[in-house]
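*Asks:* File follows, entry.txt with compact mmCIF, C-alpha atoms:
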```txt
# COMPACT_ATOMS: atom_id res chain seq x y z
CA MET S 1 -11.73 -9.07 -32.15
CA LYS S 2 -12.76 -11.86 -34.53
CA CYS S 3 -12.30 -12.25 -38.26
CA SER S 4 -15.79 -12.06 -39.81
CA SER S 5 -14.76 -14.64 -42.42
CA CYS S 6 -12.94 -17.45 -40.59
CA LYS S 7 -14.21 -16.51 -37.10
CA GLN S 8 -10.68 -16.82 -35.74
CA LYS S 9 -9.99 -14.73 -32.65
CA LEU S 10 -7.24 -12.19 -33.24
CA ASN S 11 -5.61 -12.05 -29.84
CA PHE S 12 -2.81 -9.63 -30.67
CA PRO S 13 -1.58 -6.52 -28.86
CA GLU S 14 -3.56 -3.44 -29.91
CA GLU S 15 -0.55 -1.80 -31.54
CA VAL S 16 -0.01 -4.92 -33.68
CA LEU S 17 -3.69 -5.39 -34.49
CA ALA S 18 -3.92 -1.78 -35.69
CA LYS S 19 -1.43 -2.58 -38.48
CA PHE S 20 -3.42 -5.49 -39.94
CA THR S 21 -5.53 -4.78 -43.04
CA SER S 22 -6.32 -8.48 -43.65
CA CYS S 23 -6.75 -11.55 -41.45
CA PRO S 24 -3.36 -13.25 -40.88
CA PHE S 25 -5.12 -16.64 -40.88
CA CYS S 26 -7.43 -16.57 -43.92
CA GLY S 27 -6.39 -13.40 -45.73
CA ALA S 28 -9.88 -11.85 -45.74
CA ALA S 29 -10.12 -8.08 -45.44
CA LEU S 30 -10.63 -6.95 -41.84
CA GLN S 31 -13.51 -4.70 -40.94
CA LYS S 32 -12.33 -3.03 -37.78
CA ASP S 33 -14.64 -1.55 -35.21
CA ASP S 34 -12.98 1.58 -33.90
CA SER S 35 -14.42 0.91 -30.47
CA GLU S 36 -12.37 -2.27 -30.28
CA ILE S 37 -9.09 -0.47 -30.82
CA LYS S 38 -8.43 1.99 -28.06
CA LYS S 39 -6.33 4.97 -28.94
CA SER S 40 -3.11 5.43 -27.01
CA VAL S 41 -3.98 8.29 -24.68
CA THR S 42 -1.76 9.29 -21.78
CA ILE S 43 -2.94 10.72 -18.50
CA GLU S 44 -1.09 13.90 -19.43
CA ASP S 45 -3.14 14.11 -22.66
CA GLU S 46 -6.38 13.72 -20.73
CA LEU S 47 -5.45 16.40 -18.19
CA ALA S 48 -4.26 18.79 -20.88
CA LYS S 49 -7.63 18.35 -22.63
CA ILE S 50 -9.47 19.15 -19.39
CA VAL S 51 -7.44 22.37 -19.02
CA SER S 52 -8.06 23.28 -22.66
CA ASP S 53 -11.80 22.59 -22.51
CA PHE S 54 -12.13 24.73 -19.39
CA GLY S 55 -10.23 27.60 -21.00
CA GLY S 56 -7.21 27.78 -18.77
CA LEU S 57 -5.32 26.66 -15.72
CA GLU S 58 -7.81 28.38 -13.40
CA ILE S 59 -9.68 25.08 -13.29
CA PHE S 60 -7.20 24.13 -10.55
CA ALA S 61 -8.46 26.93 -8.30
CA GLU S 62 -10.37 25.87 -5.19
CA GLU S 63 -13.66 27.42 -6.32
CA ASN S 64 -13.58 25.24 -9.44
CA TYR S 65 -13.16 22.00 -7.51
CA THR S 66 -16.59 20.64 -8.53
CA ARG S 67 -15.95 21.24 -12.24
CA LEU S 68 -12.50 19.65 -12.08
CA THR S 69 -13.88 16.64 -10.19
CA LYS S 70 -16.55 16.08 -12.86
CA ALA S 71 -13.93 16.38 -15.59
CA LEU S 72 -11.66 13.88 -13.85
CA MET S 73 -14.58 11.48 -13.45
CA GLY S 74 -14.92 11.51 -17.21
CA VAL S 75 -11.33 10.41 -17.81
CA ASP S 76 -10.90 7.09 -19.65
CA ALA S 77 -11.74 4.17 -17.32
CA ALA S 78 -8.33 2.65 -18.04
CA PHE S 79 -6.89 5.31 -15.74
CA GLU S 80 -9.33 4.64 -12.90
CA PRO S 81 -6.83 3.96 -10.07
CA PHE S 82 -4.65 6.91 -10.99
CA LYS S 83 -7.73 9.07 -11.45
CA ASP S 84 -8.74 8.37 -7.85
CA TRP S 85 -5.33 9.50 -6.61
CA LEU S 86 -5.60 12.64 -8.74
CA LEU S 87 -8.92 13.41 -7.09
CA ILE S 88 -7.31 13.07 -3.68
CA ALA S 89 -4.53 15.38 -4.81
CA ASN S 90 -7.10 17.83 -6.13
CA LEU S 91 -8.91 17.96 -2.80
CA LYS S 92 -5.68 19.13 -1.20
CA HIS S 93 -5.19 21.68 -3.99
CA ILE S 94 -1.75 20.47 -5.02
CA PRO S 95 -2.48 21.54 -8.64
CA GLN S 96 -3.35 25.04 -7.44
CA LYS S 97 0.01 25.31 -5.67
CA LEU S 98 1.82 24.08 -8.76
CA TYR S 99 -0.12 26.57 -10.86
CA ALA S 100 1.72 29.31 -8.93
CA VAL S 101 5.00 27.84 -10.17
CA VAL S 102 4.25 28.81 -13.79
CA GLU S 103 4.88 32.51 -13.12
CA ALA S 104 7.56 31.98 -10.46
CA PRO S 105 11.33 32.53 -11.01
CA GLN S 106 13.25 29.37 -11.91
CA SER S 107 14.92 29.25 -8.48
CA ARG S 108 11.51 29.38 -6.80
CA LYS S 109 10.00 26.76 -9.12
CA GLN S 110 12.19 24.00 -7.71
CA GLU S 111 11.36 25.05 -4.16
CA ILE S 112 7.59 25.05 -4.75
CA VAL S 113 7.66 21.68 -6.54
CA ASN S 114 9.50 20.16 -3.58
CA GLU S 115 7.01 21.73 -1.16
CA CYS S 116 4.14 20.20 -3.14
CA LEU S 117 5.76 16.79 -3.12
CA ASN S 118 6.39 16.99 0.63
CA THR S 119 2.75 17.92 1.19
CA LEU S 120 1.50 15.07 -0.98
CA VAL S 121 3.85 12.59 0.71
CA SER S 122 2.27 13.54 4.05
CA LEU S 123 -1.17 12.71 2.62
CA ILE S 124 -0.51 9.48 0.72
CA PHE S 125 1.69 6.67 2.02
CA ASP S 126 2.94 5.52 -1.41
CA ALA S 127 5.92 7.73 -2.37
CA LYS S 128 6.00 6.46 -5.96
CA THR S 129 2.36 7.40 -6.45
CA CYS S 130 3.12 10.88 -5.10
CA GLU S 131 5.98 11.30 -7.58
CA LYS S 132 3.76 10.21 -10.48
CA ILE S 133 1.02 12.66 -9.52
CA ILE S 134 3.42 15.60 -9.25
CA LEU S 135 5.13 14.69 -12.53
CA CYS S 136 1.74 14.39 -14.22
CA TRP S 137 0.64 17.88 -13.15
CA MET S 138 4.05 19.31 -14.07
CA GLU S 139 3.71 17.85 -17.57
CA VAL S 140 0.34 19.56 -18.03
CA LEU S 141 1.60 22.86 -16.62
CA LYS S 142 4.89 22.63 -18.58
CA ILE S 143 6.95 23.15 -15.43
CA ASN S 144 10.69 22.64 -15.78
CA ALA S 145 11.87 21.32 -12.42
CA VAL S 146 13.13 18.13 -10.83
CA VAL S 147 11.04 15.94 -8.55
CA GLU S 148 13.17 14.79 -5.65
CA LYS S 149 12.69 11.15 -4.67
CA LYS S 150 11.07 10.80 -1.25
CA THR S 151 11.03 7.82 1.11
CA VAL S 152 8.01 7.41 3.36
CA ILE S 153 8.73 5.27 6.42
CA GLU S 154 5.16 5.31 7.70
CA PRO S 155 1.70 6.36 6.59
CA ILE S 156 -0.87 8.56 8.26
CA MET S 157 -3.46 8.33 11.02
CA GLY S 158 -6.68 10.34 11.17
CA ILE S 159 -9.09 10.03 8.24
CA TYR S 160 -11.60 12.50 6.85
CA LYS S 161 -14.30 10.54 5.05
CA HIS S 162 -15.91 11.72 1.86
CA SER S 163 -18.89 9.85 0.36
CA TYR S 164 -17.31 9.50 -3.10
CA PHE S 165 -14.13 7.91 -1.77
CA GLU S 166 -15.86 5.91 0.94
CA LYS S 167 -17.93 4.10 -1.69
CA ARG S 168 -14.73 3.17 -3.50
CA GLY S 169 -12.77 2.13 -0.43
CA LEU S 170 -10.65 5.29 -0.62
CA HIS S 171 -10.14 7.92 2.05
CA ILE S 172 -8.56 11.34 2.39
CA TYR S 173 -5.88 11.72 5.03
CA GLU S 174 -6.20 14.81 7.20
CA LYS S 175 -3.91 14.69 10.23
CA PRO S 176 -0.41 13.41 9.44
CA LYS S 177 0.91 11.00 12.03
CA VAL S 178 4.35 9.51 11.46
CA TYR S 179 5.49 6.55 13.53
CA GLU S 180 9.12 5.61 14.02
CA TYR S 181 9.60 1.88 14.49
CA LYS S 182 12.40 0.09 16.31
CA THR S 183 14.12 -2.66 14.30
CA CYS S 184 16.30 -5.64 15.17
CA GLN S 185 18.55 -7.97 13.20
CA ILE S 186 18.12 -11.73 13.47
CA GLY S 187 20.39 -13.68 11.14
CA ASP S 188 20.48 -12.13 7.69
CA LYS S 189 17.14 -10.29 8.10
CA ILE S 190 16.12 -7.03 9.73
CA TRP S 191 12.72 -7.12 11.42
CA PHE S 192 10.32 -4.58 12.87
CA ALA S 193 10.91 -4.83 16.63
CA GLU S 194 7.35 -3.79 17.39
CA ASN S 195 3.93 -4.45 15.92
CA PHE S 196 2.72 -2.28 13.04
CA LYS S 197 0.14 0.30 14.15
CA HIS S 198 -0.84 2.26 11.06
CA ALA S 199 -4.57 2.57 10.35
CA GLY S 200 -4.11 2.23 6.58
CA GLN S 201 -7.30 3.24 4.78
CA GLY S 202 -9.43 2.77 7.87
CA HIS S 203 -8.09 -0.71 8.63
CA GLY S 204 -6.66 -2.34 11.75
CA LEU S 205 -8.10 -2.60 15.26
CA TRP S 206 -6.57 -1.56 18.56
CA LEU S 207 -6.47 -4.48 20.98
CA GLU S 208 -8.08 -2.59 23.87
CA GLY S 209 -9.66 0.36 22.09
CA THR S 210 -7.20 3.19 22.69
CA MET S 211 -3.78 4.00 21.37
CA ALA S 212 -2.41 4.58 24.90
CA ALA S 213 -3.40 1.07 25.96
CA ASN S 214 -1.75 -0.38 22.87
CA LYS S 215 1.66 1.26 22.92
CA ASN S 216 3.25 -2.20 22.95
CA TYR S 217 0.59 -4.14 21.07
CA GLY S 218 0.08 -2.17 17.85
CA ARG S 219 -2.97 -2.88 15.71
CA LEU S 220 -4.48 -6.19 14.67
CA TYR S 221 -5.33 -6.83 11.01
CA THR S 222 -7.24 -9.35 8.92
CA ASN S 223 -5.23 -11.11 6.23
CA PHE S 224 -6.92 -8.98 3.56
CA GLU S 225 -5.81 -5.84 5.39
CA ALA S 226 -2.28 -7.18 5.85
CA ARG S 227 -1.98 -7.72 2.10
CA PHE S 228 -3.74 -4.48 1.23
CA LEU S 229 -1.55 -2.19 3.35
CA GLN S 230 1.42 -0.56 1.65
CA ALA S 231 4.60 -1.61 3.48
CA PRO S 232 7.08 1.18 4.21
CA GLY S 233 9.73 1.57 1.49
CA GLY S 234 12.11 -1.39 1.31
CA TRP S 235 10.06 -3.53 3.70
CA ARG S 236 7.69 -6.44 2.98
CA LEU S 237 5.23 -8.77 4.67
CA PRO S 238 7.31 -11.84 5.67
CA THR S 239 6.77 -15.27 4.16
CA ILE S 240 6.64 -18.44 6.22
CA GLU S 241 10.18 -19.08 4.95
CA ASP S 242 11.36 -15.84 6.54
CA PHE S 243 10.06 -17.02 9.90
CA GLU S 244 11.56 -20.49 9.38
CA ASP S 245 14.96 -18.91 8.73
CA MET S 246 14.58 -16.80 11.88
CA VAL S 247 13.76 -19.82 14.04
CA ALA S 248 16.56 -21.90 12.50
CA TYR S 249 19.08 -19.12 13.20
CA ILE S 250 18.00 -18.80 16.85
CA LYS S 251 18.16 -22.56 17.35
CA SER S 252 21.64 -22.63 15.80
CA LEU S 253 22.70 -20.46 18.74
CA ARG S 254 21.20 -23.08 21.10
CA TYR S 255 18.25 -20.99 22.27
CA ASP S 256 14.57 -21.89 22.32
CA ALA S 257 13.01 -19.65 19.65
CA GLY S 258 9.79 -18.83 21.51
CA THR S 259 11.57 -17.89 24.72
CA ALA S 260 14.15 -15.82 22.83
CA LEU S 261 11.49 -13.82 20.98
CA LYS S 262 8.95 -13.18 23.77
CA SER S 263 8.86 -9.90 25.66
CA LYS S 264 10.02 -10.12 29.27
CA ASN S 265 6.61 -9.19 30.67
CA GLN S 266 2.86 -9.00 30.02
CA TRP S 267 2.48 -12.72 29.31
CA TYR S 268 -0.16 -14.44 31.45
CA GLY S 269 -1.63 -17.88 32.02
CA ASN S 270 1.33 -19.73 33.66
CA ALA S 271 3.54 -18.31 30.97
CA ASP S 272 7.16 -19.27 30.49
CA PRO S 273 9.18 -16.05 30.95
CA GLY S 274 10.50 -14.44 27.79
CA LEU S 275 14.14 -13.38 27.40
CA ASP S 276 13.78 -10.99 24.42
CA LEU S 277 17.35 -11.83 23.40
CA PHE S 278 17.25 -10.10 20.00
CA GLY S 279 14.96 -7.16 20.71
CA PHE S 280 12.06 -8.70 18.73
CA CYS S 281 9.89 -8.21 21.82
CA ALA S 282 6.81 -10.29 20.94
CA TYR S 283 3.93 -9.15 23.16
CA PRO S 284 0.79 -11.27 23.66
CA THR S 285 -2.08 -9.91 21.57
CA ALA S 286 -4.52 -12.83 21.75
CA ARG S 287 -5.94 -15.39 24.15
CA ASN S 288 -6.46 -19.03 23.20
CA SER S 289 -10.19 -19.72 23.63
CA GLU S 290 -9.53 -23.34 24.63
CA THR S 291 -6.54 -23.03 26.99
CA GLY S 292 -7.00 -19.44 28.18
CA LYS S 293 -3.27 -18.89 27.59
CA SER S 294 -1.96 -15.71 25.98
CA GLU S 295 -0.54 -15.86 22.45
CA ALA S 296 1.06 -13.66 19.80
CA TRP S 297 -0.01 -14.16 16.16
CA PHE S 298 1.81 -12.74 13.14
CA TRP S 299 0.63 -12.73 9.54
CA THR S 300 2.72 -14.13 6.70
CA ALA S 301 2.38 -13.61 2.94
CA SER S 302 2.28 -17.41 2.41
CA GLU S 303 -0.79 -19.47 1.49
CA THR S 304 -1.56 -22.96 2.77
CA GLY S 305 -3.61 -24.35 -0.12
CA ASN S 306 -6.37 -25.18 2.39
CA LYS S 307 -9.75 -23.85 1.24
CA ASP S 308 -11.09 -23.16 4.76
CA TYR S 309 -7.84 -21.87 6.29
CA PRO S 310 -5.85 -20.51 3.35
CA TYR S 311 -3.21 -18.38 5.12
CA TYR S 312 -0.22 -19.15 7.31
CA CYS S 313 0.13 -17.43 10.66
CA VAL S 314 3.05 -17.74 13.06
CA CYS S 315 2.12 -18.25 16.72
CA ILE S 316 4.10 -17.80 19.92
CA SER S 317 2.26 -19.19 22.94
CA ALA S 318 2.53 -18.46 26.66
CA ASP S 319 3.02 -22.09 27.64
CA SER S 320 5.53 -23.00 24.92
CA ASN S 321 9.21 -22.21 24.49
CA ASP S 322 9.00 -22.82 20.73
CA VAL S 323 7.39 -21.06 17.73
CA ASP S 324 4.46 -22.66 15.91
CA LEU S 325 5.12 -22.25 12.19
CA GLN S 326 2.17 -24.34 11.06
CA ARG S 327 -0.83 -22.29 12.24
CA LYS S 328 -3.47 -21.86 9.55
CA ALA S 329 -6.10 -19.12 9.61
CA ASN S 330 -8.97 -17.78 7.54
CA GLY S 331 -8.90 -14.28 6.12
CA GLU S 332 -11.12 -12.86 8.90
CA HIS S 333 -8.75 -13.80 11.72
CA TYR S 334 -6.94 -10.88 13.37
CA ALA S 335 -3.17 -10.92 13.84
CA SER S 336 -0.19 -8.57 14.13
CA ILE S 337 2.17 -7.44 11.36
CA ARG S 338 5.97 -7.45 11.58
CA TYR S 339 7.64 -6.28 8.36
CA VAL S 340 11.02 -7.63 7.30
CA LYS S 341 13.81 -6.86 4.87
CA ASP S 342 17.15 -8.41 3.90
CA VAL S 343 20.37 -7.06 5.38
CA GLU S 344 21.99 -4.86 2.73
```
Is it possible to express this structure as structure tokens?
*Replies:*
Amino acid sequence: MKCSSCKQKLNFPEEVLAKFTSCPFCGAALQKDDSEIKKSVTIEDELAKIVSDFGGLEIFAEENYTRLTKALMGVDAAFEPFKDWLLIANLKHIPQKLYAVVEAPQSRKQEIVNECLNTLVSLIFDAKTCEKIILCWMEVLKINAVVEKKTVIEPIMGIYKHSYFEKRGLHIYEKPKVYEYKTCQIGDKIWFAENFKHAGQGHGLWLEGTMAANKNYGRLYTNFEARFLQAPGGWRLPTIEDFEDMVAYIKSLRYDAGTALKSKNQWYGNADPGLDLFGFCAYPTARNSETGKSEAWFWTASETGNKDYPYYCVCISADSNDVDLQRKANGEHYASIRYVKDVE
């Protein structure tokens, strides 16, 4: 917003700007355009209005899916990301299940709310998003119950595509598939002891095309995919510093880092044998086009500052007993993911 008199930009928070009747710089009266001052509307307000306009909570019923979808599409653009999640929730009829809670006994209300949360957690890999969605519907339905916090260790495989979501890079998860990952401690960090293999929202490639062939290899991801994926609760994509600390710790024990981290088999090309001393079990997932030797590449969250190769990768090579911490890659390169967290 600009003052029509002095032309000074009024870059103030909306709630502060709403209180001004005159320009704080020149004192001229302000002529405010209502379109420039958005009203404070919550998601709960928007949903309550949808219910009211429809004439009741029956809008959550399966046969009214199309009408509810159109109503949700009309929600203020400021809520766009959350609106997309609400649409996913709607497709699985979570609101319809919660609608049944309204007439249920208090003891049953808590049980149904927890069932709905469990169902949603199996469909969406972000537990906090699931909690927000359930709380949002509960607010609209005036349900008095407690949402239990849920931890999701791993997302879902199997995706049912819908044109609306596909155009927006979103997908609906159909067949829950939960992976349990081995972990290992190296120094003061706990690492995934196997490569990540979740498909995310359609992302990640199997090395040889089938899951059976890739039991040890996991999936390969571009850097964009590695950053886009939601890490399991408490875990994160490692930085180059995390890998440096790992290597320094191994060397402090007088071991060669590459040899200590490699798996004991499946390396080819005159490979030095791996010892897998810490259970990290790095399997070869790539072949060097120049040397023909097998390699293992792992993404980091660190950037190089190089325009052509902006991201750091960590490389363990068949013919080396060390770890290359200086590999640079572009965003289209494929590499493995090993999440990390600090020892509690």
*Asks:* Out of S:Val75, S:Ser22, S:His93, S:Phe224, which residue has the shortest atom-to-atom distance to Glu62 (chain S) when counting all atoms listed in the file?
*Replies:*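 Result for the nearest residue to Glu62 (chain S): S:His93.
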*Asks:* What does the structure give for the distance between CA of Asn330 (chain S) and CA of Tyr217 (chain S), in Å to one decimal?
*Replies:*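 The value is 21.5 Å.
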*Asks:* Quick one: distance from CA of Lys97 (chain S) to CA of Gly55 (chain S) in Å, one decimal?
*Replies:* 18.6 Å
*Asks:* In terms of the shortest atom-to-atom distance over all atoms listed in the file, which of S:Leu86, S:Val101, S:Gln31, S:Gln96 is closest to Thr129 (chain S)?
*Replies:*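 Of S:Leu86, S:Val101, S:Gln31, S:Gln96, the one nearest Thr129 (chain S) is S:Leu86, counting all atoms listed in the file.
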*Asks:* With only C-alpha atoms counted, which protein, DNA or RNA residues have an atom no more than 10 Å from (-5.0, -7.5, 7.6) in the file frame? Please answer as a ChimeraX atom specification.
*Replies:* /S:200,203-205,219-229,299,331-337
*Asks:* For the atom pair CA of Val323 (chain S) and CA of Glu241 (chain S), what is the interatomic distance in Å to one decimal place?
*Replies:* 13.2 Å
*Asks:* Would you mind telling me which residue in S:Cys130, S:Ile250, S:Val140, S:Ala318 lies nearest to Thr42 (chain S) when using only C-alpha atoms?
*Replies:*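 Smallest distance to Thr42 (chain S) is found for S:Val140.
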*Asks:* Within 7 Å of Ala282 (chain S), counting only C-alpha atoms, which residues show up once you throw out same-chain ones fewer than 6 positions away? Write them as an MDAnalysis selection string, please.
*Replies:* chainID S and resid 261:263 296
*Asks:* Report as a VMD selection string all protein, DNA and RNA residues lying within 12 Å of Ala329 (chain S), evaluated on only C-alpha atoms, omitting residues in the same chain fewer than 4 positions from it.
*Replies:* chain S and resid 222 to 224 297 to 300 302 to 315 325 333 to 335
*Asks:* May I have the residues within 8 Å of Ala145 (chain S) as a list of chain:residue names, using only C-alpha atoms and disregarding those fewer than 5 positions away in the same chain?
*Replies:*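 These residues fall inside the cut-off: S:Lys109, S:Gln110, S:Val113.
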*Asks:* Give me the residues near Gly258 (chain S) as a list in words, where near means some atom within 8 Å (using only C-alpha atoms) and where sequence neighbours in that chain fewer than 4 positions away do not count.
*Replies:*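 Returned residues: Lys262, Gly274, Ile316, Ser317, Ser320, Asn321, Asp322 and Val323 of chain S.
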*Asks:* Residues near Leu47 (chain S), anyone? I mean within 9 Å using all atoms listed in the file, not counting same-chain ones fewer than 4 positions away, as a PyMOL selection string.
*Replies:* chain S and resi 42-43+51-52+71-72+75+136-137+140
*Asks:* Select, from S:Glu139, S:Phe278, S:Pro273, S:Cys3, the residue with the minimum atom-to-atom distance to Gly27 (chain S), counting only C-alpha atoms.
*Replies:*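 Comparing S:Glu139, S:Phe278, S:Pro273, S:Cys3 against Gly27 (chain S), the winner is S:Cys3.
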*Asks:* Of the candidates S:Arg287, S:Arg327, S:Arg236, S:Lys49, which one gets nearest to Ala301 (chain S) if we count all atoms listed in the file?
*Replies:* S:Arg236
